[in-house]
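Below: query38.txt (compact mmCIF, C-alpha atoms and all ligand atoms)
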# COMPACT_ATOMS: atom_id res chain seq x y z
CA MET A 4 16.63 -87.47 -63.84
CA SER A 5 15.18 -90.54 -62.12
CA TYR A 6 12.23 -92.48 -63.44
CA VAL A 7 9.57 -94.69 -61.93
CA PHE A 8 9.79 -98.18 -63.36
CA ARG A 9 6.37 -99.65 -64.07
CA GLU A 10 5.93 -103.37 -63.73
CA SER A 11 2.78 -103.71 -65.82
CA ARG A 12 4.47 -104.80 -69.13
CA MET A 13 1.54 -103.50 -71.11
CA GLN A 14 0.62 -105.05 -74.47
CA TRP A 15 -1.90 -103.66 -76.92
CA GLY A 16 -2.64 -106.59 -79.20
CA ASP A 17 0.72 -107.65 -80.60
CA ARG A 18 2.26 -104.21 -79.97
CA ARG A 19 4.05 -102.77 -76.97
CA TYR A 20 2.47 -99.37 -77.49
CA HIS A 21 -1.09 -98.10 -77.67
CA SER A 22 -1.49 -97.86 -81.43
CA LEU A 23 -4.30 -96.10 -83.28
CA ASP A 24 -5.03 -99.33 -85.13
CA TYR A 25 -5.52 -101.18 -81.84
CA GLU A 26 -7.76 -98.43 -80.45
CA MET A 27 -9.95 -98.33 -83.58
CA LYS A 28 -10.39 -102.10 -83.56
CA GLN A 29 -11.45 -101.97 -79.91
CA ILE A 30 -14.08 -99.32 -80.63
CA TYR A 31 -15.28 -100.17 -84.15
CA GLY A 32 -14.44 -103.88 -84.39
CA ASN A 33 -12.25 -103.56 -87.48
CA LYS A 34 -9.70 -101.37 -89.21
CA VAL A 35 -10.69 -97.76 -89.77
CA TYR A 36 -9.03 -96.13 -92.79
CA LYS A 37 -7.94 -92.53 -92.88
CA ILE A 38 -9.05 -90.49 -95.89
CA SER A 39 -6.97 -87.37 -96.57
CA LEU A 40 -9.20 -84.51 -97.69
CA ASN A 41 -8.23 -81.17 -99.16
CA GLY A 42 -10.35 -78.16 -98.21
CA GLY A 43 -8.19 -75.86 -100.37
CA MET A 44 -6.95 -73.93 -97.33
CA SER A 45 -3.98 -71.65 -96.90
CA CYS A 46 -1.92 -70.98 -93.80
CA PRO A 47 -1.20 -67.70 -91.96
CA ASN A 48 2.43 -68.75 -91.97
CA ARG A 49 2.41 -68.80 -95.76
CA ASP A 50 -0.03 -66.12 -96.93
CA GLY A 51 1.90 -63.22 -95.36
CA THR A 52 -0.24 -62.83 -92.23
CA LEU A 53 2.54 -64.19 -90.00
CA ASP A 54 5.14 -65.02 -92.64
CA SER A 55 5.19 -65.77 -96.34
CA ARG A 56 7.78 -68.54 -96.25
CA GLY A 57 6.00 -71.15 -94.10
CA CYS A 58 7.68 -73.41 -91.57
CA ILE A 59 11.22 -74.22 -92.65
CA PHE A 60 10.41 -77.91 -93.30
CA CYS A 61 7.00 -77.40 -94.94
CA SER A 62 6.70 -78.44 -98.59
CA GLU A 63 4.31 -76.99 -101.15
CA GLY A 64 1.55 -79.36 -100.09
CA GLY A 65 1.54 -77.79 -96.61
CA SER A 66 2.45 -81.08 -94.92
CA GLY A 67 -0.45 -82.69 -96.75
CA ASP A 68 1.33 -84.00 -99.79
CA PHE A 69 -0.96 -86.99 -100.10
CA ALA A 70 -4.21 -85.09 -99.83
CA SER A 71 -6.73 -85.09 -102.67
CA SER A 72 -7.56 -82.21 -105.07
CA SER A 73 -9.49 -79.32 -103.53
CA CYS A 74 -11.38 -78.80 -106.83
CA LYS A 75 -13.59 -81.76 -105.98
CA THR A 76 -16.42 -81.69 -103.46
CA ILE A 77 -15.73 -83.31 -100.10
CA ASN A 78 -18.16 -86.11 -100.95
CA ASP A 79 -16.36 -86.81 -104.24
CA GLN A 80 -12.99 -86.81 -102.47
CA ILE A 81 -14.33 -89.33 -99.95
CA GLU A 82 -15.72 -91.56 -102.70
CA ASP A 83 -12.41 -91.38 -104.66
CA ALA A 84 -10.42 -92.29 -101.55
CA LYS A 85 -12.75 -95.20 -100.80
CA LEU A 86 -12.02 -96.62 -104.26
CA LEU A 87 -8.27 -96.52 -103.51
CA VAL A 88 -8.69 -98.84 -100.52
CA ALA A 89 -11.60 -100.85 -101.99
CA GLY A 90 -9.41 -103.95 -102.41
CA LYS A 91 -8.58 -103.99 -98.69
CA LEU A 92 -12.15 -103.58 -97.43
CA SER A 93 -14.32 -106.45 -96.20
CA LYS A 94 -17.31 -107.56 -98.32
CA ASP A 95 -19.70 -106.29 -95.66
CA PRO A 96 -20.35 -102.55 -96.32
CA ASN A 97 -21.29 -102.15 -92.64
CA ASP A 98 -17.59 -102.69 -91.85
CA HIS A 99 -16.46 -99.77 -94.04
CA LYS A 100 -15.51 -97.02 -91.67
CA PHE A 101 -13.32 -93.99 -92.29
CA ILE A 102 -11.65 -91.08 -90.57
CA ALA A 103 -12.17 -87.93 -92.66
CA TYR A 104 -8.86 -86.13 -92.29
CA PHE A 105 -8.40 -82.52 -93.38
CA GLN A 106 -4.64 -82.57 -93.71
CA ALA A 107 -3.18 -79.96 -96.06
CA TYR A 108 -2.25 -76.53 -94.65
CA THR A 109 -4.29 -74.96 -91.79
CA ASN A 110 -7.81 -76.32 -91.89
CA THR A 111 -9.57 -73.88 -89.58
CA TYR A 112 -8.14 -70.88 -91.42
CA GLY A 113 -11.03 -69.86 -93.63
CA PRO A 114 -14.44 -68.12 -93.63
CA MET A 115 -16.79 -69.65 -91.08
CA ASP A 116 -19.56 -70.43 -93.59
CA TYR A 117 -17.05 -72.34 -95.73
CA LEU A 118 -15.67 -74.29 -92.73
CA HIS A 119 -19.24 -75.09 -91.71
CA LYS A 120 -20.03 -76.40 -95.21
CA ILE A 121 -16.99 -78.68 -95.66
CA PHE A 122 -16.92 -80.08 -92.13
CA TYR A 123 -20.66 -80.88 -92.12
CA GLU A 124 -20.33 -82.50 -95.56
CA ALA A 125 -17.54 -84.73 -94.25
CA ILE A 126 -19.06 -85.63 -90.88
CA ASN A 127 -22.46 -86.41 -92.37
CA HIS A 128 -21.05 -88.95 -94.84
CA PRO A 129 -22.48 -92.29 -93.66
CA ASP A 130 -19.12 -94.12 -93.77
CA VAL A 131 -17.23 -91.43 -91.82
CA VAL A 132 -16.98 -92.23 -88.10
CA ILE A 133 -14.49 -89.54 -87.04
CA LEU A 134 -13.67 -86.04 -88.30
CA SER A 135 -9.99 -85.16 -87.88
CA ILE A 136 -8.76 -81.62 -88.59
CA ALA A 137 -5.12 -80.51 -88.74
CA THR A 138 -4.63 -76.89 -87.79
CA ARG A 139 -2.57 -74.37 -85.82
CA PRO A 140 -3.28 -73.45 -82.19
CA ASP A 141 -3.47 -69.77 -83.16
CA CYS A 142 -6.32 -70.50 -85.60
CA LEU A 143 -8.89 -71.66 -83.06
CA GLY A 144 -11.02 -68.60 -82.30
CA ASP A 145 -14.28 -68.80 -80.34
CA ASP A 146 -16.35 -69.10 -83.53
CA VAL A 147 -14.26 -72.10 -84.63
CA LEU A 148 -14.49 -73.68 -81.18
CA ASP A 149 -18.30 -73.28 -81.27
CA LEU A 150 -18.45 -75.03 -84.63
CA LEU A 151 -16.17 -77.85 -83.42
CA ALA A 152 -18.32 -78.35 -80.31
CA LYS A 153 -21.44 -78.68 -82.50
CA LEU A 154 -19.75 -81.14 -84.86
CA ASN A 155 -18.50 -83.15 -81.89
CA ARG A 156 -22.13 -83.80 -80.89
CA ILE A 157 -22.66 -85.59 -84.23
CA LYS A 158 -19.50 -87.73 -84.31
CA PRO A 159 -16.11 -87.52 -82.56
CA VAL A 160 -13.92 -84.62 -83.70
CA TRP A 161 -10.15 -84.69 -83.40
CA ILE A 162 -7.89 -81.66 -83.70
CA GLU A 163 -4.28 -82.23 -84.75
CA LEU A 164 -1.77 -79.59 -83.66
CA GLY A 165 1.80 -79.35 -84.92
CA LEU A 166 3.76 -78.45 -81.79
CA GLN A 167 7.00 -80.10 -82.99
CA THR A 168 9.04 -78.90 -79.98
CA ILE A 169 8.64 -77.01 -76.70
CA HIS A 170 12.02 -75.31 -77.14
CA GLU A 171 11.52 -71.71 -78.22
CA ASP A 172 14.90 -71.35 -79.91
CA THR A 173 14.19 -74.38 -82.11
CA ALA A 174 10.62 -73.13 -82.73
CA ARG A 175 12.03 -69.79 -83.92
CA TYR A 176 14.46 -71.60 -86.24
CA LEU A 177 11.53 -73.62 -87.60
CA ARG A 178 9.51 -70.38 -88.07
CA ARG A 179 6.62 -72.09 -86.30
CA GLY A 180 5.12 -68.67 -85.65
CA TYR A 181 3.58 -69.05 -82.20
CA PRO A 182 4.98 -69.34 -78.66
CA LEU A 183 4.28 -72.29 -76.35
CA PRO A 184 1.59 -70.55 -74.21
CA VAL A 185 -0.61 -70.21 -77.33
CA PHE A 186 -0.44 -73.98 -77.82
CA ASP A 187 -1.05 -74.64 -74.13
CA SER A 188 -4.12 -72.42 -74.06
CA ALA A 189 -5.56 -74.01 -77.25
CA VAL A 190 -5.16 -77.52 -75.81
CA HIS A 191 -7.03 -76.57 -72.62
CA LYS A 192 -9.83 -74.82 -74.54
CA LEU A 193 -10.28 -77.85 -76.79
CA HIS A 194 -10.28 -80.14 -73.77
CA SER A 195 -12.93 -77.99 -72.06
CA ILE A 196 -15.33 -78.56 -74.98
CA GLY A 197 -14.62 -82.29 -75.23
CA ILE A 198 -12.50 -82.31 -78.40
CA SER A 199 -9.74 -84.91 -78.66
CA VAL A 200 -6.32 -83.42 -79.33
CA ILE A 201 -3.50 -85.11 -81.22
CA VAL A 202 -0.08 -83.49 -80.94
CA HIS A 203 2.67 -83.74 -83.54
CA ALA A 204 6.29 -83.80 -82.36
CA ILE A 205 9.31 -83.91 -84.66
CA LEU A 206 12.36 -85.99 -83.71
CA GLY A 207 15.76 -85.06 -85.10
CA LEU A 208 15.36 -81.28 -85.33
CA PRO A 209 18.67 -79.45 -85.89
CA GLY A 210 20.25 -78.50 -82.56
CA GLU A 211 18.09 -80.86 -80.48
CA ASN A 212 19.42 -83.94 -78.73
CA LYS A 213 17.54 -86.83 -77.14
CA GLU A 214 17.17 -85.00 -73.82
CA ASN A 215 15.56 -82.04 -75.58
CA VAL A 216 13.12 -84.38 -77.34
CA LEU A 217 12.20 -86.11 -74.09
CA GLN A 218 11.53 -82.72 -72.47
CA THR A 219 8.98 -82.07 -75.23
CA ILE A 220 7.47 -85.53 -74.71
CA ASP A 221 7.25 -85.08 -70.92
CA TYR A 222 5.45 -81.76 -71.44
CA ILE A 223 3.02 -83.35 -73.93
CA SER A 224 2.43 -86.21 -71.47
CA SER A 225 1.26 -83.77 -68.79
CA LEU A 226 -1.50 -82.33 -71.00
CA PRO A 227 -5.13 -83.46 -71.34
CA ILE A 228 -4.57 -84.83 -74.83
CA GLN A 229 -5.55 -88.11 -76.42
CA GLY A 230 -3.02 -88.80 -79.18
CA VAL A 231 0.52 -88.22 -80.42
CA LYS A 232 2.24 -88.39 -83.78
CA LEU A 233 5.98 -88.97 -83.53
CA GLN A 234 7.59 -87.93 -86.75
CA LEU A 235 11.15 -88.09 -87.98
CA LEU A 236 12.36 -84.80 -89.45
CA HIS A 237 12.16 -85.21 -93.20
CA ILE A 238 14.36 -82.89 -95.21
CA LEU A 239 12.51 -82.29 -98.46
CA LYS A 240 13.49 -80.75 -101.79
CA GLY A 241 11.92 -77.36 -102.41
CA THR A 242 11.88 -76.36 -98.72
CA ASP A 243 14.18 -73.87 -96.99
CA LEU A 244 15.38 -76.71 -94.79
CA GLY A 245 16.24 -78.66 -97.95
CA LEU A 246 18.28 -75.68 -99.19
CA GLU A 247 20.18 -75.50 -95.89
CA TYR A 248 20.90 -79.22 -96.16
CA GLU A 249 22.07 -78.99 -99.79
CA ASN A 250 24.35 -76.08 -98.85
CA GLY A 251 25.97 -78.08 -96.05
CA PHE A 252 24.47 -76.17 -93.12
CA ILE A 253 22.97 -79.36 -91.65
CA PRO A 254 25.95 -81.68 -91.35
CA GLU A 255 24.16 -84.49 -89.53
CA VAL A 256 20.75 -86.15 -89.54
CA LEU A 257 19.60 -89.01 -87.32
CA SER A 258 20.75 -92.51 -88.24
CA LEU A 259 18.20 -95.33 -88.25
CA ASP A 260 19.58 -96.69 -84.96
CA GLU A 261 19.43 -93.27 -83.32
CA TYR A 262 15.86 -92.76 -84.47
CA ILE A 263 14.81 -96.17 -83.12
CA ASP A 264 16.37 -95.26 -79.79
CA TYR A 265 14.65 -91.83 -79.72
CA VAL A 266 11.22 -93.26 -80.61
CA ILE A 267 11.40 -96.04 -78.04
CA SER A 268 12.48 -93.59 -75.34
CA CYS A 269 9.55 -91.32 -76.27
CA LEU A 270 7.14 -94.27 -76.03
CA GLU A 271 8.59 -95.22 -72.63
CA HIS A 272 7.83 -91.71 -71.39
CA LEU A 273 4.31 -91.41 -72.82
CA PRO A 274 1.42 -92.46 -70.54
CA GLU A 275 -0.38 -95.68 -71.49
CA HIS A 276 -3.67 -93.92 -72.30
CA ILE A 277 -2.18 -91.73 -75.05
CA ILE A 278 -2.86 -93.21 -78.47
CA ILE A 279 0.10 -93.40 -80.82
CA HIS A 280 -1.00 -92.28 -84.27
CA ARG A 281 2.39 -92.48 -85.91
CA ILE A 282 5.94 -93.52 -85.10
CA THR A 283 7.57 -93.01 -88.48
CA GLY A 284 7.61 -90.28 -91.07
CA ASP A 285 5.25 -90.36 -93.99
CA GLY A 286 6.79 -87.85 -96.39
CA PRO A 287 6.74 -88.00 -100.20
CA LYS A 288 9.65 -90.19 -101.39
CA ARG A 289 10.16 -88.18 -104.60
CA LEU A 290 11.05 -85.08 -102.52
CA LEU A 291 13.09 -86.76 -99.79
CA LEU A 292 16.69 -85.52 -99.44
CA ALA A 293 17.46 -87.01 -96.01
CA PRO A 294 17.47 -89.25 -94.09
CA LEU A 295 17.16 -91.64 -97.05
CA TRP A 296 16.76 -94.74 -94.87
CA SER A 297 13.35 -93.38 -93.82
CA SER A 298 11.82 -94.18 -97.21
CA ASN A 299 11.67 -97.84 -96.16
CA LYS A 300 8.82 -97.40 -93.71
CA LYS A 301 8.25 -101.13 -93.22
CA LEU A 302 11.87 -101.67 -92.21
CA VAL A 303 11.71 -98.80 -89.71
CA LEU A 304 8.49 -100.11 -88.14
CA ASN A 305 9.78 -103.68 -87.95
CA LYS A 306 12.97 -102.50 -86.33
CA ILE A 307 11.10 -100.45 -83.71
CA HIS A 308 8.87 -103.44 -82.85
CA GLN A 309 11.80 -105.86 -82.74
CA THR A 310 13.96 -103.57 -80.59
CA MET A 311 11.12 -103.02 -78.10
CA LYS A 312 10.90 -106.79 -77.67
CA GLU A 313 14.67 -107.18 -77.29
CA ARG A 314 14.77 -104.40 -74.68
CA ASP A 315 11.63 -105.81 -73.03
CA THR A 316 10.15 -102.35 -72.90
CA TRP A 317 6.73 -100.75 -73.51
CA GLN A 318 4.83 -97.47 -73.64
CA GLY A 319 4.60 -95.83 -70.24
CA LYS A 320 7.47 -97.75 -68.67
CA TYR A 321 9.08 -94.51 -67.51
CA ASP A 322 5.98 -92.31 -67.40
CA THR A 323 6.34 -89.93 -64.49
CA SER A 324 3.78 -87.40 -65.71
CA HIS A 325 1.00 -86.06 -63.54
CA HIS A 326 -1.33 -85.83 -66.49
CA GLU A 327 -4.69 -84.13 -66.56
CA LEU A 328 -7.33 -86.52 -67.93
S1 LIG A 401 1.76 -74.30 -90.04
FE1 LIG A 401 1.64 -76.21 -91.24
S2 LIG A 401 0.92 -75.62 -93.27
FE2 LIG A 401 1.59 -73.73 -92.22
S3 LIG A 401 3.69 -73.45 -92.91
FE3 LIG A 401 3.79 -74.60 -90.96
S4 LIG A 401 3.77 -76.79 -91.54
FE4 LIG A 401 3.15 -75.59 -93.34

Please express what this file holds, its structure, as structure tokens.
Amino acid sequence: MSYVFRESRMQWGDRRYHSLDYEMKQIYGNKVYKISLNGGMSCPNRDGTLDSRGCIFCSEGGSGDFASSSCKTINDQIEDAKLLVAGKLSKDPNDHKFIAYFQAYTNTYGPMDYLHKIFYEAINHPDVVILSIATRPDCLGDDVLDLLAKLNRIKPVWIELGLQTIHEDTARYLRRGYPLPVFDSAVHKLHSIGISVIVHAILGLPGENKENVLQTIDYISSLPIQGVKLQLLHILKGTDLGLEYENGFIPEVLSLDEYIDYVISCLEHLPEHIIIHRITGDGPKRLLLAPLWSSNKKLVLNKIHQTMKERDTWQGKYDTSHHEL
């Protein structure tokens, strides 16, 4: 494969990639904190509708292990979360801005009147500037899309979709539960109603090499999406993937150096306009089986930044996508 080499040497603040932090500071003037909210949802991949076991890597928290308790109202969850970051906030309350993030399980998988209630409660909170909703592409029916379009007229709405990989054999192993065309169609429908889409991709999936990962990234790059989360595969206790690992069926996981190389290559392939929401994992340390080096998030981030400088590289350097904007 040959790549176009771009001469622009882009910088976004002190980073060589278009980080979410940078983007938020450009728009809102200061840091915008993400508040993880729990709408008490389930997932069709867990409740027996598609499967009862969930994705092979998914822990009990439904990939939302840091989210708040669903027993509390959305307003109370927001106020609790604000207290947690109170020490980091500026003295001027006008600077306090938050992304309300519905993280745990599948957050458009519920009765419409309930979705309406929790999303309006979140978006109408005066300190919330963006509503971000993690869900599955097969849980975005017309009624949900109508609701999202209405919410998007109040404040920006982001939808986060866990694609993980474009490779169907890996997707089947993961028990993702939907084929690629379902994802593709959801992205285009969301784009047609003006919703920003953030795509999650997992690096280090069993059976996938760097070329496979870059094929996923090149596909993502061609879509009309606004953000990407690059996530190392975390093998967690209590998951089926964890069991496979403990029983010796996953002999190898990515080393730190391999992960750095994968992430930087992904960034080089991603177009400059795509906002990078994450370049490390963020799993619960108490459940982590492997790779153990990933628990030192600061070290991983520093090493990515340092290596990008040493290689004199940047996001979009090898972007050959013909992306739809
Ligand atoms: S779709 Fe999300 S919440 Fe559902 S099983 Fe998979 S990772 Fe877990």

Practice task
Residues within 10 Å of ligand LIG 401 (chain A) should be enumerated using all atoms listed in the file and returned as a PyMOL selection string.
Solution key: chain A and resi 44-50+53-67+106-110+137-142+164-167+177-181

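Between atom CA of A:Pro274 and atom CA of A:Tyr31 lies a distance of 22.9 Å.
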
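Counting from atom CA of A:Ser135, the distance to atom CA of A:Gly197 is 13.8 Å.
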
Handout entry: Selection: 12 Å around stretch 93-102 of chain A, all atoms listed in the file, excl. self and same-chain fewer than 6 positions, as a ChimeraX atom specification
Key = /A:23-24,27-28,30-40,81-82,84-86,125-136,158-161

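Nearest residue to A:Lys312 among A:Ile267, A:Ile223, A:Leu233, A:Ile196 is A:Ile267, counting all atoms listed in the file.
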
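Our summary of the geometry notes that atom CA of A:Val266 is positioned 17.3 Å from atom CA of A:Gly286.
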
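With distances restricted to all atoms listed in the file, A:Asn41 is the closest residue to A:Ile77 from A:Thr111, A:Thr52, A:Asn41, A:Gln229.
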
Missing atoms in stretch 303-327 of chain A need filling: write out N, CA and C atoms for it as a PDB file, in the coordinates of the input.
ATOM      1  N   VAL A 303      11.638 -99.626 -90.925  1.00  0.00           N
ATOM      2  CA  VAL A 303      11.710 -98.800 -89.710  1.00  0.00           C
ATOM      3  C   VAL A 303      10.739 -99.336 -88.657  1.00  0.00           C
ATOM      4  N   LEU A 304       9.505 -99.604 -89.085  1.00  0.00           N
ATOM      5  CA  LEU A 304       8.490-100.110 -88.140  1.00  0.00           C
ATOM      6  C   LEU A 304       8.917-101.441 -87.553  1.00  0.00           C
ATOM      7  N   ASN A 305       9.366-102.357 -88.431  1.00  0.00           N
ATOM      8  CA  ASN A 305       9.780-103.680 -87.950  1.00  0.00           C
ATOM      9  C   ASN A 305      10.907-103.555 -86.933  1.00  0.00           C
ATOM     10  N   LYS A 306      11.820-102.641 -87.234  1.00  0.00           N
ATOM     11  CA  LYS A 306      12.970-102.500 -86.330  1.00  0.00           C
ATOM     12  C   LYS A 306      12.538-101.927 -84.975  1.00  0.00           C
ATOM     13  N   ILE A 307      11.601-101.000 -84.986  1.00  0.00           N
ATOM     14  CA  ILE A 307      11.100-100.450 -83.710  1.00  0.00           C
ATOM     15  C   ILE A 307      10.451-101.576 -82.903  1.00  0.00           C
ATOM     16  N   HIS A 308       9.584-102.366 -83.574  1.00  0.00           N
ATOM     17  CA  HIS A 308       8.870-103.440 -82.850  1.00  0.00           C
ATOM     18  C   HIS A 308       9.855-104.478 -82.307  1.00  0.00           C
ATOM     19  N   GLN A 309      10.820-104.848 -83.133  1.00  0.00           N
ATOM     20  CA  GLN A 309      11.800-105.860 -82.740  1.00  0.00           C
ATOM     21  C   GLN A 309      12.650-105.367 -81.561  1.00  0.00           C
ATOM     22  N   THR A 310      13.095-104.111 -81.652  1.00  0.00           N
ATOM     23  CA  THR A 310      13.960-103.570 -80.590  1.00  0.00           C
ATOM     24  C   THR A 310      13.200-103.441 -79.268  1.00  0.00           C
ATOM     25  N   MET A 311      11.907-103.108 -79.344  1.00  0.00           N
ATOM     26  CA  MET A 311      11.120-103.020 -78.100  1.00  0.00           C
ATOM     27  C   MET A 311      11.063-104.385 -77.418  1.00  0.00           C
ATOM     28  N   LYS A 312      10.921-105.424 -78.241  1.00  0.00           N
ATOM     29  CA  LYS A 312      10.900-106.790 -77.670  1.00  0.00           C
ATOM     30  C   LYS A 312      12.254-107.108 -77.046  1.00  0.00           C
ATOM     31  N   GLU A 313      13.331-106.854 -77.800  1.00  0.00           N
ATOM     32  CA  GLU A 313      14.670-107.180 -77.290  1.00  0.00           C
ATOM     33  C   GLU A 313      14.967-106.443 -75.987  1.00  0.00           C
ATOM     34  N   ARG A 314      14.505-105.192 -75.901  1.00  0.00           N
ATOM     35  CA  ARG A 314      14.770-104.400 -74.680  1.00  0.00           C
ATOM     36  C   ARG A 314      13.735-104.684 -73.591  1.00  0.00           C
ATOM     37  N   ASP A 315      12.737-105.512 -73.939  1.00  0.00           N
ATOM     38  CA  ASP A 315      11.630-105.810 -73.030  1.00  0.00           C
ATOM     39  C   ASP A 315      11.076-104.514 -72.431  1.00  0.00           C
ATOM     40  N   THR A 316      10.668-103.632 -73.352  1.00  0.00           N
ATOM     41  CA  THR A 316      10.150-102.350 -72.900  1.00  0.00           C
ATOM     42  C   THR A 316       8.785-102.089 -73.513  1.00  0.00           C
ATOM     43  N   TRP A 317       8.099-101.031 -73.075  1.00  0.00           N
ATOM     44  CA  TRP A 317       6.730-100.750 -73.510  1.00  0.00           C
ATOM     45  C   TRP A 317       6.382 -99.302 -73.221  1.00  0.00           C
ATOM     46  N   GLN A 318       5.305 -98.842 -73.853  1.00  0.00           N
ATOM     47  CA  GLN A 318       4.830 -97.470 -73.640  1.00  0.00           C
ATOM     48  C   GLN A 318       4.470 -97.261 -72.174  1.00  0.00           C
ATOM     49  N   GLY A 319       4.958 -96.175 -71.616  1.00  0.00           N
ATOM     50  CA  GLY A 319       4.600 -95.830 -70.240  1.00  0.00           C
ATOM     51  C   GLY A 319       5.553 -96.384 -69.204  1.00  0.00           C
ATOM     52  N   LYS A 320       6.566 -97.128 -69.642  1.00  0.00           N
ATOM     53  CA  LYS A 320       7.470 -97.750 -68.670  1.00  0.00           C
ATOM     54  C   LYS A 320       8.110 -96.705 -67.746  1.00  0.00           C
ATOM     55  N   TYR A 321       8.471 -95.575 -68.317  1.00  0.00           N
ATOM     56  CA  TYR A 321       9.080 -94.510 -67.510  1.00  0.00           C
ATOM     57  C   TYR A 321       8.206 -93.258 -67.464  1.00  0.00           C
ATOM     58  N   ASP A 322       6.895 -93.461 -67.473  1.00  0.00           N
ATOM     59  CA  ASP A 322       5.980 -92.310 -67.400  1.00  0.00           C
ATOM     60  C   ASP A 322       5.928 -91.781 -65.980  1.00  0.00           C
ATOM     61  N   THR A 323       6.382 -90.538 -65.822  1.00  0.00           N
ATOM     62  CA  THR A 323       6.340 -89.930 -64.490  1.00  0.00           C
ATOM     63  C   THR A 323       5.390 -88.732 -64.494  1.00  0.00           C
ATOM     64  N   SER A 324       4.607 -88.605 -65.570  1.00  0.00           N
ATOM     65  CA  SER A 324       3.780 -87.400 -65.710  1.00  0.00           C
ATOM     66  C   SER A 324       2.635 -87.408 -64.726  1.00  0.00           C
ATOM     67  N   HIS A 325       2.219 -86.193 -64.350  1.00  0.00           N
ATOM     68  CA  HIS A 325       1.000 -86.060 -63.540  1.00  0.00           C
ATOM     69  C   HIS A 325      -0.016 -85.475 -64.503  1.00  0.00           C
ATOM     70  N   HIS A 326      -0.521 -86.340 -65.397  1.00  0.00           N
ATOM     71  CA  HIS A 326      -1.330 -85.830 -66.490  1.00  0.00           C
ATOM     72  C   HIS A 326      -2.755 -85.512 -66.060  1.00  0.00           C
ATOM     73  N   GLU A 327      -3.286 -84.482 -66.769  1.00  0.00           N
ATOM     74  CA  GLU A 327      -4.690 -84.130 -66.560  1.00  0.00           C
ATOM     75  C   GLU A 327      -5.488 -85.005 -67.509  1.00  0.00           C
TER      76      GLU A 327
END
